[in-house]
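Asker: Structure incoming, see below.
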Amino acid sequence: MHQGSFSYPLPANEPVLNYAPGSKERESLKAAIALLKSQKLDVPMYIGADEIRTSKKEPLRPPHAHQFVLGKFSIGEKKHVQQAVNAALTAKKGWEAMTWESRAGIFLKAADLIATKYRGQMNAATMLGQSKNAYQAEIDSACELIDFLRFNVHFLSEIYKQQPVSGPGMHNRLEYRPLEGFVLAITPFNFTAIGGNLPTSAAMCGNVVVWKPAHTQIYSAQLFMRILKEAGLPDGVINLIYVDGPVVGDVCFSHRDFAGVHFTGSTGVFNHMWETIGKNIPRYKSYPRIVGETGGKDFVVVHKSARPDVVATALLRGAFEFQGQKCSAASRAYIPSNLWKEVKALLVEGVNSFKMGSVEDFSNFINAVIDEKSFDKIKGYIDKARKDPKARIVAGGNCDKSEGYFIQPTVIEARDPQFITMREEIFGPVLTVYVYPAGSFEKTLDLVDSTSPYALTGSIIATDRAAIETATKRLSNAAGNFYINDKPTGAVVGQQPFGGARASGTNDKAGSILNLYRWLSVRTVKETFNPPVDYRYPFMAEE
Ligand SMILES: NC(=O)c1ccc[n+]([C@@H]2O[C@H](COP(=O)([O-])OP(=O)(O)OC[C@H]3O[C@@H](n4cnc5c(N)ncnc54)[C@H](O)[C@@H]3O)[C@@H](O)[C@H]2O)c1
Ligand SMILES: N[C@@H](CCC=O)C(=O)O
């Protein structure tokens with residue numbers, strides 16, 4: 001029988017290994033890449049205790065070498081979604097009843113397995129499957145995922161400790177119940193860590209989950225699922241399926257036991273889900289929790305007092321790391337006229353110095369974008385800018401999909417601050433710059449605030465403290481993550497809770513204590529020790 005109140009102190013962030021030539025980690029990463037390339041996996045769905053393979057298969061291919069086949073996965077259909085929901089609901093009673101210390105132990109063990117035994121393979125899977133370079137993979141599929149798991153265990157323990165006061169003659173308590181039903185986690189292609197966090201944060205709270213990743217992230221998702229199983233996650237607590245989004249939605253959003261959706265992806269998809277859930281409200285046992293972190297059109301606004309080298313570095317990293325496929329990526333910049341000449345020269349020099357190619361060549365800073373659909377969409381925006389007199393390509397702009405989906409990082413100068421690439425999310429290595437008169441800083445802040453419907457991340461770069469203060473206040477609703485003298489990407493779990501409002505989502509801050517509250521349904525219990533035996537108030541007594 002368990003007794004005691006156990007302690008899960010605030011963890012430290014997982015150190016980022018540097019993979020320098022000659023390092024041990026570089027050697028084991030190269031070995032893991034070779035191993036994964038030789039395996040040719042036939043990846044199953046994981047439903048309850050079963051590994052399900054179907055006759056409908058899709059190949060898994062590296063975006064930077066699309067002729068190479070890493071393996072294949074099985075496409076599921078409607079019945080597999082139904083099976084996953086049933087498996088989740090079957091596992092529910094046992095999972096809810098498991099003590100917190102046992103549940104926590106599973107996720108802490110998974111974090112440890114990723115930090116040690118599987119670090120190389122998790123990074124290799126992310127490099128090969130999603131075309132991230134070694135550093136971008138390390139900060140995602142190793143460090144951020146480990147941090148999500150460890151910090152969430154700590155945060156949830158802190159929530160469980162929060163209890164109400166009790167007046168004389170009574171005891172009050174809060175019971176942090178999981179939601180009544182199952183949670184659906186729908187995850188994007190671009191972060192292995194987000195794929196891992198959305199199902200596990202809900203499961204950690206005692207919920208059972210159906211997890212549908214983007215097809216282009218399955219290669220790393222299935223490895224994480226196997227790690228969870230090795231760490232002791234009971235069958236059916238998280239069920240991993242590869243079924244088209246609308247089919248998953250049809251089954252889950254019309255199910256009586258649908259208790260919530262934990263989504264990260266584009267704004268359009270989230271809007272559609274919200275609408276469907278709204279229409280189906282009478283069908284559900286409870287009001288479902290709807291948590292969605294969505295798109296961005298993230299800005300860097302530069303003041304005339306900024307250092308040009310700080311500006312150019314923030315833009316080169318913020319816009320082009322992982323080919324700009326971060327919801328936080330800098331995609332519109334507002335540069336004052338006094339700095340543009342120097343910043344432009346540094347941007348052109350930077351873009352021309354980027355090496356682009358396979359993730360297996362560790363000297364490449366830029367790799368491929370995720371798939372052909374994405375390539376075509378991004379190229380379409382570049383072509384539009386090339387033809388439009390309101391814009392000019394000042395760096396990059398070449399695209400080639402013959403071997404891999406390669407888009408050269410591109411800087412567009414827009415003469416119109418409302419030019420399409422200043423407003424719409426492109427989700428690729430394209431940065432648009434608008435040069436404003438250096439004396440119009442405050443007017444430009446209004447432009448920053450009103451140009452796009454999103455409000456995810458943004459930065460102010462300045463040395464003048466008054467300008468920093470003005471921008472911080474004036475842009476208070478323009479970004480959920482606001483950076484001063486830094487790029488707008490690279491939030492770290494426990495340090496910069498992540499998420500935005502407006503069209504960027506419900507701002508429930510993934511990887512923070514705030515997010516976990518959404519997966520709990522609190523019961524208040526009051527026990528009275530000496531119950532009254534007369535309904536009359538004392539003042540009613542006769543004098
Ligand atoms: N705000 C954040 O924290 C954050 C983080 C990462 C990515 N993103 C956003 O995600 C997008 C890029 O990722 P993506 O291309 O994978 O996004 P996406 O919206 O195309 O897909 C996300 C997930 O939704 C699924 N899906 C698609 N249509 C669906 C439907 N009709 N019903 C149910 N599920 C459906 C996809 O299969 C995938 O699993 C960008 O817009 C980016 O800004 C946001
Ligand atoms: N949390 C990541 C972005 C996640 C979205 O793609 C960052 O802060 O750069």
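To be explicit about the labels: the chains of the structure tokens are called A, B, and onward in the order shown, and within each one the residues are counted from 1, while ligands get numbers from 1 in the order they are shown.
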Using only C-alpha atoms, I'd like a table of the residues in segment 139-168 of chain A that come within 12 Å of segment 195-209 of chain A; for each, show the closest atom pair and its distance in Å rounded to one decimal, ordered by chain and ascending number, as CSV.

Answerer:
residue,atom,partner,partner_atom,distance
A:Asp140,CA,A:Gly196,CA,10.4
A:Ser141,CA,A:Gly196,CA,8.8
A:Ala142,CA,A:Gly196,CA,10.9
A:Glu144,CA,A:Asn197,CA,9.3
A:Leu145,CA,A:Gly196,CA,6.7
A:Ile146,CA,A:Asn197,CA,9.5
A:Asp147,CA,A:Asn197,CA,9.7
A:Phe148,CA,A:Asn197,CA,6.3
A:Leu149,CA,A:Asn197,CA,7.3
A:Arg150,CA,A:Ser201,CA,10.6
A:Phe151,CA,A:Ser201,CA,10.2
A:Asn152,CA,A:Ser201,CA,6.8
A:Val153,CA,A:Met204,CA,7.6
A:His154,CA,A:Met204,CA,11.0
A:Phe155,CA,A:Ser201,CA,10.5
A:Leu156,CA,A:Cys205,CA,7.4
A:Ser157,CA,A:Cys205,CA,10.0
A:Ile159,CA,A:Cys205,CA,10.3
A:Tyr160,CA,A:Cys205,CA,10.0

Asker: Go ahead and save the picked residues with C-alpha atoms, as a PDB file, in the first residue's frame.

Answerer:
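Saved file out_4.pdb follows:
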ATOM      1  CA  ASP A 140      13.657  19.193 -30.384  1.00  0.00           C
ATOM      2  CA  SER A 141      13.538  15.415 -30.182  1.00  0.00           C
ATOM      3  CA  ALA A 142      16.023  15.116 -27.318  1.00  0.00           C
ATOM      4  CA  GLU A 144      12.564  19.696 -25.523  1.00  0.00           C
ATOM      5  CA  LEU A 145      10.821  16.349 -25.365  1.00  0.00           C
ATOM      6  CA  ILE A 146      12.781  15.315 -22.257  1.00  0.00           C
ATOM      7  CA  ASP A 147      11.975  18.704 -20.693  1.00  0.00           C
ATOM      8  CA  PHE A 148       8.258  18.405 -21.482  1.00  0.00           C
ATOM      9  CA  LEU A 149       8.134  15.046 -19.715  1.00  0.00           C
ATOM     10  CA  ARG A 150      10.170  16.024 -16.655  1.00  0.00           C
ATOM     11  CA  PHE A 151       8.723  19.510 -16.149  1.00  0.00           C
ATOM     12  CA  ASN A 152       5.148  18.310 -16.573  1.00  0.00           C
ATOM     13  CA  VAL A 153       5.674  15.707 -13.841  1.00  0.00           C
ATOM     14  CA  HIS A 154       6.902  18.508 -11.573  1.00  0.00           C
ATOM     15  CA  PHE A 155       4.071  20.903 -12.543  1.00  0.00           C
ATOM     16  CA  LEU A 156       1.373  18.299 -12.024  1.00  0.00           C
ATOM     17  CA  SER A 157       2.768  17.456  -8.592  1.00  0.00           C
ATOM     18  CA  ILE A 159      -1.117  21.212  -8.889  1.00  0.00           C
ATOM     19  CA  TYR A 160      -1.988  18.162  -6.802  1.00  0.00           C
TER      20      TYR A 160
END

Asker: If DSSP is run on the backbone, what residues of segment 211-253 of chain A are helix (DSSP H, G or I)? A reply as a PyMOL selection string would be ideal.

Answerer: chain A and resi 215-230+245-252

Asker: Which residues are near ligand 1 - at most 6 Å, using only C-alpha atoms and all ligand atoms? Format: as a PDB file with N, CA, C and O atoms, in the first residue's frame.

Answerer:
ATOM      1  N   ILE A 186      -3.980  15.755 -31.723  1.00  0.00           N
ATOM      2  CA  ILE A 186      -3.677  15.859 -33.161  1.00  0.00           C
ATOM      3  C   ILE A 186      -2.447  16.744 -33.291  1.00  0.00           C
ATOM      4  O   ILE A 186      -2.443  17.897 -32.833  1.00  0.00           O
ATOM      5  N   THR A 187      -1.394  16.190 -33.895  1.00  0.00           N
ATOM      6  CA  THR A 187      -0.096  16.866 -33.806  1.00  0.00           C
ATOM      7  C   THR A 187       0.491  17.175 -35.184  1.00  0.00           C
ATOM      8  O   THR A 187       0.189  16.503 -36.167  1.00  0.00           O
ATOM      9  N   PRO A 188       1.356  18.211 -35.248  1.00  0.00           N
ATOM     10  CA  PRO A 188       1.884  18.693 -36.534  1.00  0.00           C
ATOM     11  C   PRO A 188       3.173  17.968 -36.917  1.00  0.00           C
ATOM     12  O   PRO A 188       3.704  17.175 -36.136  1.00  0.00           O
ATOM     13  N   PHE A 189       3.698  18.301 -38.104  1.00  0.00           N
ATOM     14  CA  PHE A 189       4.899  17.602 -38.567  1.00  0.00           C
ATOM     15  C   PHE A 189       6.185  18.159 -37.979  1.00  0.00           C
ATOM     16  O   PHE A 189       7.211  17.504 -37.958  1.00  0.00           O
ATOM     17  N   LYS A 212      -3.170  11.176 -33.130  1.00  0.00           N
ATOM     18  CA  LYS A 212      -3.027  11.174 -34.584  1.00  0.00           C
ATOM     19  C   LYS A 212      -1.955  12.196 -34.983  1.00  0.00           C
ATOM     20  O   LYS A 212      -2.203  13.401 -34.968  1.00  0.00           O
ATOM     21  N   PRO A 213      -0.765  11.730 -35.339  1.00  0.00           N
ATOM     22  CA  PRO A 213       0.276  12.665 -35.774  1.00  0.00           C
ATOM     23  C   PRO A 213       0.121  13.001 -37.256  1.00  0.00           C
ATOM     24  O   PRO A 213      -0.610  12.325 -37.979  1.00  0.00           O
ATOM     25  N   ALA A 214       0.826  14.033 -37.713  1.00  0.00           N
ATOM     26  CA  ALA A 214       0.907  14.303 -39.158  1.00  0.00           C
ATOM     27  C   ALA A 214       1.623  13.112 -39.800  1.00  0.00           C
ATOM     28  O   ALA A 214       2.568  12.560 -39.218  1.00  0.00           O
ATOM     29  N   GLY A 245      -6.964  13.104 -41.200  1.00  0.00           N
ATOM     30  CA  GLY A 245      -7.558  13.970 -40.177  1.00  0.00           C
ATOM     31  C   GLY A 245      -9.079  14.026 -40.202  1.00  0.00           C
ATOM     32  O   GLY A 245      -9.718  13.809 -39.170  1.00  0.00           O
ATOM     33  N   PRO A 246      -9.694  14.293 -41.363  1.00  0.00           N
ATOM     34  CA  PRO A 246     -11.152  14.410 -41.376  1.00  0.00           C
ATOM     35  C   PRO A 246     -11.853  13.118 -40.914  1.00  0.00           C
ATOM     36  O   PRO A 246     -12.904  13.182 -40.275  1.00  0.00           O
ATOM     37  N   GLY A 249     -11.624  13.028 -37.235  1.00  0.00           N
ATOM     38  CA  GLY A 249     -12.585  14.002 -36.717  1.00  0.00           C
ATOM     39  C   GLY A 249     -14.003  13.461 -36.744  1.00  0.00           C
ATOM     40  O   GLY A 249     -14.744  13.584 -35.760  1.00  0.00           O
ATOM     41  N   THR A 264      -2.154  20.915 -32.180  1.00  0.00           N
ATOM     42  CA  THR A 264      -1.222  21.926 -32.684  1.00  0.00           C
ATOM     43  C   THR A 264      -1.160  21.748 -34.187  1.00  0.00           C
ATOM     44  O   THR A 264      -0.986  20.629 -34.687  1.00  0.00           O
ATOM     45  N   GLY A 265      -1.309  22.863 -34.911  1.00  0.00           N
ATOM     46  CA  GLY A 265      -1.298  22.804 -36.367  1.00  0.00           C
ATOM     47  C   GLY A 265      -1.793  24.127 -36.908  1.00  0.00           C
ATOM     48  O   GLY A 265      -1.715  25.163 -36.219  1.00  0.00           O
ATOM     49  N   SER A 266      -2.332  24.098 -38.106  1.00  0.00           N
ATOM     50  CA  SER A 266      -2.683  25.365 -38.741  1.00  0.00           C
ATOM     51  C   SER A 266      -4.026  25.902 -38.243  1.00  0.00           C
ATOM     52  O   SER A 266      -4.893  25.153 -37.761  1.00  0.00           O
ATOM     53  N   VAL A 269      -7.394  24.480 -39.915  1.00  0.00           N
ATOM     54  CA  VAL A 269      -7.818  23.158 -39.431  1.00  0.00           C
ATOM     55  C   VAL A 269      -8.453  23.289 -38.043  1.00  0.00           C
ATOM     56  O   VAL A 269      -9.494  22.699 -37.745  1.00  0.00           O
ATOM     57  N   GLU A 293      -2.907  25.240 -30.396  1.00  0.00           N
ATOM     58  CA  GLU A 293      -1.840  26.205 -30.684  1.00  0.00           C
ATOM     59  C   GLU A 293      -1.683  26.187 -32.195  1.00  0.00           C
ATOM     60  O   GLU A 293      -1.433  25.135 -32.785  1.00  0.00           O
ATOM     61  N   THR A 294      -1.843  27.344 -32.827  1.00  0.00           N
ATOM     62  CA  THR A 294      -1.976  27.352 -34.288  1.00  0.00           C
ATOM     63  C   THR A 294      -0.917  28.239 -34.965  1.00  0.00           C
ATOM     64  O   THR A 294       0.200  28.332 -34.486  1.00  0.00           O
ATOM     65  N   GLY A 295      -1.295  28.878 -36.066  1.00  0.00           N
ATOM     66  CA  GLY A 295      -0.300  29.522 -36.919  1.00  0.00           C
ATOM     67  C   GLY A 295       0.293  30.814 -36.391  1.00  0.00           C
ATOM     68  O   GLY A 295      -0.084  31.317 -35.328  1.00  0.00           O
ATOM     69  N   GLY A 296       1.219  31.346 -37.160  1.00  0.00           N
ATOM     70  CA  GLY A 296       1.858  32.600 -36.766  1.00  0.00           C
ATOM     71  C   GLY A 296       2.343  33.372 -37.975  1.00  0.00           C
ATOM     72  O   GLY A 296       2.539  32.816 -39.060  1.00  0.00           O
ATOM     73  N   CYS A 327       6.471  27.557 -36.073  1.00  0.00           N
ATOM     74  CA  CYS A 327       5.338  28.483 -35.970  1.00  0.00           C
ATOM     75  C   CYS A 327       5.829  29.837 -35.485  1.00  0.00           C
ATOM     76  O   CYS A 327       5.185  30.851 -35.694  1.00  0.00           O
ATOM     77  N   GLY A 499       3.052  29.994 -26.515  1.00  0.00           N
ATOM     78  CA  GLY A 499       1.729  29.995 -27.149  1.00  0.00           C
ATOM     79  C   GLY A 499       1.247  31.412 -27.400  1.00  0.00           C
ATOM     80  O   GLY A 499       1.738  32.364 -26.774  1.00  0.00           O
ATOM     81  N   SER A 504      -3.680  32.698 -33.375  1.00  0.00           N
ATOM     82  CA  SER A 504      -2.582  31.756 -33.082  1.00  0.00           C
ATOM     83  C   SER A 504      -2.954  30.715 -32.041  1.00  0.00           C
ATOM     84  O   SER A 504      -2.112  29.894 -31.670  1.00  0.00           O
TER      85      SER A 504
END

Asker: Neighbours of ligand 2 within 7 Å, counting only C-alpha atoms and all ligand atoms, as a ChimeraX atom specification?

Answerer: /A:190-191,325-329,489-492,498

Asker: Save out the residues we just selected, N, CA and C atoms, as a PDB file, in the first residue's frame.

Answerer:
ATOM      1  N   ASN A 190       6.147  19.422 -37.504  1.00  0.00           N
ATOM      2  CA  ASN A 190       7.427  20.123 -37.416  1.00  0.00           C
ATOM      3  C   ASN A 190       8.210  19.912 -36.137  1.00  0.00           C
ATOM      4  N   PHE A 191       7.569  19.461 -35.061  1.00  0.00           N
ATOM      5  CA  PHE A 191       8.321  19.211 -33.818  1.00  0.00           C
ATOM      6  C   PHE A 191       7.997  17.835 -33.255  1.00  0.00           C
ATOM      7  N   GLN A 325      10.390  26.505 -40.773  1.00  0.00           N
ATOM      8  CA  GLN A 325       9.179  25.713 -40.497  1.00  0.00           C
ATOM      9  C   GLN A 325       8.903  25.642 -38.993  1.00  0.00           C
ATOM     10  N   LYS A 326       8.983  26.789 -38.343  1.00  0.00           N
ATOM     11  CA  LYS A 326       8.612  26.886 -36.932  1.00  0.00           C
ATOM     12  C   LYS A 326       7.460  27.870 -36.890  1.00  0.00           C
ATOM     13  N   CYS A 327       6.471  27.557 -36.073  1.00  0.00           N
ATOM     14  CA  CYS A 327       5.338  28.483 -35.970  1.00  0.00           C
ATOM     15  C   CYS A 327       5.829  29.837 -35.485  1.00  0.00           C
ATOM     16  N   SER A 328       7.002  29.852 -34.844  1.00  0.00           N
ATOM     17  CA  SER A 328       7.570  31.063 -34.250  1.00  0.00           C
ATOM     18  C   SER A 328       8.507  31.800 -35.199  1.00  0.00           C
ATOM     19  N   ALA A 329       8.752  31.261 -36.392  1.00  0.00           N
ATOM     20  CA  ALA A 329       9.805  31.798 -37.268  1.00  0.00           C
ATOM     21  C   ALA A 329       9.561  33.263 -37.639  1.00  0.00           C
ATOM     22  N   THR A 489      12.269  32.888 -31.940  1.00  0.00           N
ATOM     23  CA  THR A 489      12.128  31.424 -31.865  1.00  0.00           C
ATOM     24  C   THR A 489      12.904  30.885 -30.657  1.00  0.00           C
ATOM     25  N   GLY A 490      12.731  29.578 -30.422  1.00  0.00           N
ATOM     26  CA  GLY A 490      13.611  28.898 -29.466  1.00  0.00           C
ATOM     27  C   GLY A 490      13.157  28.951 -28.021  1.00  0.00           C
ATOM     28  N   ALA A 491      11.831  28.954 -27.778  1.00  0.00           N
ATOM     29  CA  ALA A 491      11.351  28.920 -26.395  1.00  0.00           C
ATOM     30  C   ALA A 491      11.824  27.633 -25.718  1.00  0.00           C
ATOM     31  N   VAL A 492      12.173  27.753 -24.458  1.00  0.00           N
ATOM     32  CA  VAL A 492      12.666  26.600 -23.705  1.00  0.00           C
ATOM     33  C   VAL A 492      11.654  26.268 -22.609  1.00  0.00           C
ATOM     34  N   PHE A 498       5.083  28.627 -23.893  1.00  0.00           N
ATOM     35  CA  PHE A 498       4.894  28.972 -25.304  1.00  0.00           C
ATOM     36  C   PHE A 498       3.442  28.954 -25.769  1.00  0.00           C
TER      37      PHE A 498
END

Asker: Set out as JSON lines a contact list for segment 281-384 of chain A and segment 519-536 of chain A with a cut-off of 12 Å, giving each residue of segment 281-384 of chain A that qualifies its closest atom pair and distance in Å to one decimal, counting only C-alpha atoms, ordered by chain and rising residue number.

Answerer:
{"residue": "A:Ser286", "atom": "CA", "partner": "A:Ser521", "partner_atom": "CA", "distance": 10.5}
{"residue": "A:Tyr287", "atom": "CA", "partner": "A:Ser521", "partner_atom": "CA", "distance": 11.1}
{"residue": "A:Pro288", "atom": "CA", "partner": "A:Trp519", "partner_atom": "CA", "distance": 10.1}
{"residue": "A:Arg289", "atom": "CA", "partner": "A:Trp519", "partner_atom": "CA", "distance": 7.6}
{"residue": "A:Ile290", "atom": "CA", "partner": "A:Trp519", "partner_atom": "CA", "distance": 10.0}
{"residue": "A:Val291", "atom": "CA", "partner": "A:Trp519", "partner_atom": "CA", "distance": 9.6}

Asker: Between A:Pro44, A:Gly428, A:Pro488, A:Pro308, which one has atoms that come closest to Ile366 of chain A, using only C-alpha atoms?

Answerer: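 The shortest atom-to-atom distance to Ile366 of chain A comes from A:Gly428.
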
Asker: Using atom CA of Ala259 of chain A and atom CA of Leu240 of chain A as the two end points, give the distance in Å to one decimal.

Answerer: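 Atom-to-atom, atom CA of Ala259 of chain A to atom CA of Leu240 of chain A, that is 17.6 Å.
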